[in-house]
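Below: one structure, written as structure tokens.
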Amino acid sequence: MALVGREDQLTICRDAVQESRGAFAAVLVGAPGVGKTSLLRAVTAAAARAGRQVLATTGLPGGAGVPMGNLADLLGMALPSILPELPGLQADALRTTFRLASAPAVNDELLVALATMNAMRALCANRPVVVAIDDAQWMDRDSERLLTVLVNWLRDLPIGWMLTVRSGYETAGLSGTVLHDLGRDAITVTVSPLDDVSLYQVIAERFPGPWRGTLISRIVALSGGNPYAAVELARETVASGGYDAPVAMVPPSLTVSLNARLRRLKPTAGKAARLVALVAQPDRRLLRKILGPGADDAIDQAFRAGVLHDADTEGHLALTHPLLAEIVQRSMTWSDRRSAHRALADGVDDADEAAGHLAQSTDDPDDAISLSVWDAAWRMSQRGIQAGAAALGEAALRLTPADPERTLWRRRTELLDLLEKAGELDKALRLADLWLADKPPDDGRIRGRLTFYRGLMETDILTSNRLVAQAVDQLWGDRSSQTHAAALQGYRLLGQWRVEEAQPFIERATQLAGAGVPDEVRRWVGAVCGAAASVALDPQAGDLLREAMRQPGADRMWVSVLCPEMELAFWHLGRGEVTEAGNLFDRVRGNVERSNEAISSFHIEWGTLILDYMAGRWDQVEARASSLLRYAFVFREIAATDRVLVETVLAAVRGRATEARRLVPAALAAVAAGDLVTGVFLRSHAAHLELSIGDPPAAVDWLDPVAAQMRGRAYSDVLILGVECDLIEGYARVGRTAEAEERLAWLRTTADRLEHPLGRLAGSRCAAVLALARGDPRAALTELDPMLPEARRSEVPLEKGRFLLTFGSAQRRARLRRAAAASIDEAIEVFAGLGAQAWAAQARAERAKLAHLSDGTLTPTEQRIADLVRLGRTNAEIATTLLLREKTVEGNLTRIYRKLCIRGRKDLIRMHR
């Protein structure tokens, strides 16, 4: 049937599909029933005709979908052809997630995400892909979270994202992600109400009449421009009174209209519609199993009534519009819903899906049912389907009898764990507060675990610290948890620069980590001790971390990223040893892929982002930033801070002055109270920007307020060394040389004591800047010359570029012009490769000071004189040969030496050789 009244929107969307050669998105926004689905189907049909592969799914309202149901629907038809092209572990992950494998396996979200990413890449290798998602606001949360990550990961591929969402949902979820992350390659198409002429056409095509004129006019008027409402009104009118009915049959709402329509179905057909509304992928086989011999007749009647249709060629059924599913569910009585879920629990093949239906079939506490549902929630969590696991966990808790009380309280604490993994922080926070106020048993475990989770989810740093500290005391009956919590609290305080407060917790964890404490907890304590040694500038910190790595339990860490491997990776990264850090991150990532901790996935991605930043892969950082935050569903507030931090850092180091100057004050205002470290990072990059554009006083103004807090911390965090160096350079360049010298002395002494390669390199650069500020370029070269090979080998290109720029500046001021030009040109190349626009501009300005002297272009006369010099002729002989005065030859030679950046005749002859 032709699309009516949407020609303009159809053209916009079709052009987006046909003209795009890379990633793009179109989000169709409008009210329920306004025609988004019809427009989407028309666009995807055109895309298919144009040779694109269309992957389609529809969001299921009311939580009826199984976990990953939408992802399975999208990939279902294509999956058999692409599984052989995936690595074995990833192929197995998809088989397990989509119930294609009989053997159980443990997946996590990152592994499934990587598998899906590679599956999409395999599909795109054959032809461009369109991902079409109808009613995206109703997607199951696990599929939505995974696809949200993939938007950025796959933006280099020819994938079109075509989504429909209800008005008001366009900035949330997957639709908000594609609009933000694809930027100029994304469009929003507002699907507005149809005009009267178009509505007449819509009604006439479906119900050809003949209509009585005033009757159809009334239907059009009542529909308010909504084609779905118009069709439903017309359908009800014709069914009740025919085309010449005296009045339009207008039910109080479309829900009532649909109920009237459903009541005209035979009981079995109505039941079929209700079952379809509650199952993710219903088919005839399932309905036959539940409804018996009359199932096919019931389905056929529902087809004729326009209630059901074929969802695909695989035999799956669906209601004719997603809105119908919502209305069907709302129209069901509790008795009908309970009966349907009970039948589905017996009918579906998957045990975990059956447990979900079983949980919805009763409100009465039941030991056996609650245990079954709880086990299903645990298995789902092990597969990395955290939102589904949390939903089942809540259902299991609701069905758990109050007696015995200990089981109820234990499940409450375990549910908080599931909610945290699923990113349900608001709910977890409310429940933790509620249960703590409900007088939990003070048995050294229950209250302590409730307080511990409450503290972890608290966004105020000081309150969070207080609660986790309380939890350490309250966990006296659970030594393993108490040891882990004490170590975690010490680690968190180290990261907040509260070293003195951290030490008692670290000592307590060390004392507790004896017999009876699992190996993995002892490994974690070793990691924290190594981290503390690193903060204390202990040269043995690396050895301590490597010793902790050798302890057993690496594959059983309670939280995969809380391990010595991760801490050693950051230790190497702070030293500029990017390759070593990357190898360790890869090792941790392997453990994360075998775990089910979403927070681990988030932190390994954050660590990789920092690694990419230091390695100079800034384009990857910019692309990864959004996807990183899609992992941050566990700690949203921290993720929001991190996102602001990443955006600000990139704007500053890339030299986007206007953007950075806008972001920094707003970001500082949003920094949580007590978060000194984030404040320092933000100020440091504002200062970095000012240095890069040649305004040292402004840089000092940014860093002076935190100079005292930074004292002695240059080696305590991955990025703080650069902050300290910027402060030293700023002081030197504004004339505060005594302060610069004092901080530099400590920086260099500590670098030597720690045998810190990046510290030594940065220290020599800062010493040279100080020498240049004092007008002594020869002293600057003395500092830089010995470190030049180390600078060129550095795996931190920003430091390499700044070193070369300082070196070139010193050479220029020492009148080593040719060498200066080479050094500065090398610096320009490094900065350009990074995308550090302001630093590159500063280097080019420095190079311009040499341009008229060192471009090497000689006049014809100068070239002839140079050639004769290279042949060994004296000035007198050259003058006689060229018929010039000898003084003219001497003047030309002076200009030649300047242009070629050489010192004299011998250098000119040597150049020829």
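Naming scheme: A, B, ... for chains in displayed order of the structure tokens; residues 1 onward per chain; ligands 1 onward as shown.
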**Request:** Using DSSP on the backbone coordinates, identify all residues within stretch 183-344 of chain A classified as strand (DSSP E or B); present the result as a ChimeraX atom specification.
**Result:** /A:186-190,283,308-310,316-319
**Request:** Any chance you could list, as a PyMOL selection string, the residues in stretch 752-874 of chain A that come up alpha helix (DSSP H) when DSSP is run on the backbone?
**Result:** chain A and resi 752-754+757-773+777-784+788-793+797-813+817-834+837-854+860-870
**Request:** Would you mind telling me which residue in A:Gly294, A:Gly730, A:Pro267, A:Gly801 lies nearest to A:Val769 when using only C-alpha atoms?
**Result:**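 Closest to A:Val769, using only C-alpha atoms: A:Gly730.
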**Prompt:** Do you know which residues are at most 7 Å from stretch 861-869 of chain A counting only C-alpha atoms, after dropping those on the same chain fewer than 3 positions away, and could you put them as a list in words?
**Reply:**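 Contacts, in chain order: Leu858, Gly872, Arg873, Thr874, Ile878, Asn892, Ile896 and Ile909 of chain A.
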**Message:** Which residues are near A:Ser464? Cut-off 10 Å, only C-alpha atoms, ignore same chain within fewer than 2 positions. Put them as a PyMOL selection string.
**Reply:** chain A and resi 451-462+466-470+489
**Message:** Give me the residues near A:Ala660 as a PyMOL selection string, where near means some atom within 8 Å (using only C-alpha atoms) and where sequence neighbours in that chain fewer than 2 positions away do not count.
**Reply:** chain A and resi 648-649+651-652+656-658+662-664+686+689
Write to file, as an mmCIF file, in the first residue's frame, the residues of the selection just made, with C-alpha atoms.
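Now in result-v2.cif:
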```cif
data_model
loop_
_atom_site.group_PDB
_atom_site.id
_atom_site.type_symbol
_atom_site.label_atom_id
_atom_site.label_comp_id
_atom_site.auth_asym_id
_atom_site.auth_seq_id
_atom_site.Cartn_x
_atom_site.Cartn_y
_atom_site.Cartn_z
ATOM 1 C CA THR A 648 37.645 19.321 28.080
ATOM 2 C CA VAL A 649 41.019 17.587 27.787
ATOM 3 C CA ALA A 651 39.478 20.551 23.404
ATOM 4 C CA ALA A 652 42.499 21.865 25.324
ATOM 5 C CA ARG A 656 40.280 24.519 20.435
ATOM 6 C CA ALA A 657 40.491 27.581 22.629
ATOM 7 C CA THR A 658 36.894 28.823 22.447
ATOM 8 C CA ARG A 662 33.677 27.437 27.640
ATOM 9 C CA LEU A 663 33.949 23.903 29.004
ATOM 10 C CA VAL A 664 36.418 24.375 31.863
ATOM 11 C CA ALA A 686 43.102 24.932 30.863
ATOM 12 C CA LEU A 689 45.873 25.336 26.459
#
```
Each residue of stretch 75-142 of chain A lying at most 12 Å from stretch 171-191 of chain A should get a row with its shortest atom-to-atom pair and the distance in Å to one decimal, counting only C-alpha atoms; could you produce that, ordered by chain and increasing number, as a tab-separated table?
```
residue	atom	partner	partner_atom	distance
A:Val131	CA	A:Val178	CA	11.7
A:Ala132	CA	A:Ser175	CA	11.6
A:Ile133	CA	A:Ser175	CA	9.8
A:Asp134	CA	A:Ser175	CA	11.0
A:Asp135	CA	A:Ser175	CA	10.1
A:Ala136	CA	A:Leu174	CA	7.2
A:Gln137	CA	A:Gly173	CA	7.1
A:Trp138	CA	A:Gly173	CA	9.8
A:Met139	CA	A:Leu174	CA	9.1
A:Asp140	CA	A:Gly173	CA	10.9
A:Arg141	CA	A:Gly173	CA	9.1
A:Asp142	CA	A:Gly173	CA	11.4
```
Next, dump the selected residues to file, keeping only N, CA and C atoms, as a compact mmCIF listing (two decimals), in the first residue's frame.
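So the final result, stored in part10.txt, reads:
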```
# COMPACT_ATOMS: atom_id res chain seq x y z
N VAL A 131 20.12 -0.68 9.89
CA VAL A 131 19.55 -1.21 11.14
C VAL A 131 18.26 -0.43 11.41
N ALA A 132 17.14 -1.09 11.27
CA ALA A 132 15.83 -0.44 11.42
C ALA A 132 15.18 -0.89 12.71
N ILE A 133 14.90 0.04 13.61
CA ILE A 133 14.33 -0.29 14.91
C ILE A 133 13.07 0.54 15.11
N ASP A 134 11.94 -0.14 15.12
CA ASP A 134 10.66 0.53 15.31
C ASP A 134 10.36 0.62 16.80
N ASP A 135 9.86 1.77 17.22
CA ASP A 135 9.57 2.01 18.64
C ASP A 135 10.78 1.69 19.50
N ALA A 136 11.87 2.39 19.22
CA ALA A 136 13.13 2.14 19.91
C ALA A 136 13.04 2.39 21.41
N GLN A 137 12.07 3.21 21.83
CA GLN A 137 11.96 3.47 23.27
C GLN A 137 11.51 2.25 24.06
N TRP A 138 11.05 1.21 23.36
CA TRP A 138 10.59 0.01 24.03
C TRP A 138 11.55 -1.16 23.87
N MET A 139 12.73 -0.91 23.38
CA MET A 139 13.70 -2.01 23.26
C MET A 139 14.01 -2.59 24.63
N ASP A 140 14.37 -3.89 24.64
CA ASP A 140 14.84 -4.43 25.91
C ASP A 140 16.16 -3.76 26.26
N ARG A 141 16.38 -3.52 27.52
CA ARG A 141 17.48 -2.66 27.95
C ARG A 141 18.85 -3.24 27.62
N ASP A 142 18.98 -4.55 27.67
CA ASP A 142 20.29 -5.15 27.37
C ASP A 142 20.66 -4.93 25.91
```
**Message:** Need the shell around stretch 758-765 of chain A: protein/DNA/RNA residues with any atom at most 9 Å away, counting only C-alpha atoms. Skip same-chain ones fewer than 3 positions apart. Format as an MDAnalysis selection string?
**Reply:** chainID A and resid 574:577 714:715 721:722 725 744:745 747:748 750:752 754:755 768:770 780 783:784 787:788 790:791 794 796 799:800 802:803 806:807
**Message:** What's around A:Arg492 at 8 Å? Count only C-alpha atoms, leave out sequence neighbours fewer than 4 positions away in its own chain, and write the answer as a PyMOL selection string.
**Reply:** chain A and resi 488+496+502
**Message:** From the options A:Arg498, A:Ala513, A:Thr749, A:Gly242, which residue's atoms come nearest to A:Asp675, counting only C-alpha atoms?
**Reply:** A:Arg498
**Message:** Please report the interatomic distance between atom CA of A:Asp350 and atom CA of A:Ile299 in Å with one decimal.
**Reply:** 23.1 Å
**Message:** To one decimal place in Å, what is the distance between atom CA of A:Ala687 and atom CA of A:Glu742?
**Reply:** 19.9 Å
Find the nearest atom pair between each residue of stretch 316-374 of chain A and stretch 272-282 of chain A for residues within 7 Å, count only C-alpha atoms, give distances in Å to one decimal, sort rows by chain and ascending number, and present the table as JSON lines.
```
{"residue": "A:His316", "atom": "CA", "partner": "A:Pro282", "partner_atom": "CA", "distance": 5.5}
{"residue": "A:Leu317", "atom": "CA", "partner": "A:Pro282", "partner_atom": "CA", "distance": 5.6}
{"residue": "A:Ala318", "atom": "CA", "partner": "A:Val276", "partner_atom": "CA", "distance": 6.4}
{"residue": "A:Ala325", "atom": "CA", "partner": "A:Ala277", "partner_atom": "CA", "distance": 5.0}
{"residue": "A:Val328", "atom": "CA", "partner": "A:Arg274", "partner_atom": "CA", "distance": 6.4}
{"residue": "A:Gln329", "atom": "CA", "partner": "A:Ala277", "partner_atom": "CA", "distance": 6.7}
{"residue": "A:Ala340", "atom": "CA", "partner": "A:Leu275", "partner_atom": "CA", "distance": 6.3}
```
Please produce an output containing N, CA and C atoms for each residue in the selection, written as a PDB file, in the first residue's frame.
```pdb
ATOM      1  N   HIS A 316       7.394 -16.385  12.907  1.00  0.00           N
ATOM      2  CA  HIS A 316       7.091 -15.605  14.103  1.00  0.00           C
ATOM      3  C   HIS A 316       5.899 -14.692  13.840  1.00  0.00           C
ATOM      4  N   LEU A 317       5.120 -14.497  14.879  1.00  0.00           N
ATOM      5  CA  LEU A 317       3.916 -13.677  14.796  1.00  0.00           C
ATOM      6  C   LEU A 317       4.126 -12.367  15.534  1.00  0.00           C
ATOM      7  N   ALA A 318       3.305 -11.387  15.192  1.00  0.00           N
ATOM      8  CA  ALA A 318       3.353 -10.099  15.893  1.00  0.00           C
ATOM      9  C   ALA A 318       2.015  -9.419  15.759  1.00  0.00           C
ATOM     10  N   ALA A 325       0.201  -3.877  21.022  1.00  0.00           N
ATOM     11  CA  ALA A 325       0.685  -4.718  22.117  1.00  0.00           C
ATOM     12  C   ALA A 325       0.494  -4.030  23.458  1.00  0.00           C
ATOM     13  N   VAL A 328      -3.214  -4.053  24.240  1.00  0.00           N
ATOM     14  CA  VAL A 328      -3.663  -5.402  24.612  1.00  0.00           C
ATOM     15  C   VAL A 328      -3.271  -5.701  26.052  1.00  0.00           C
ATOM     16  N   GLN A 329      -2.049  -5.377  26.401  1.00  0.00           N
ATOM     17  CA  GLN A 329      -1.612  -5.667  27.768  1.00  0.00           C
ATOM     18  C   GLN A 329      -2.385  -4.854  28.794  1.00  0.00           C
ATOM     19  N   ALA A 340      -2.159 -16.200  31.482  1.00  0.00           N
ATOM     20  CA  ALA A 340      -1.326 -16.243  30.280  1.00  0.00           C
ATOM     21  C   ALA A 340       0.126 -16.529  30.630  1.00  0.00           C
TER      22      ALA A 340
END
```
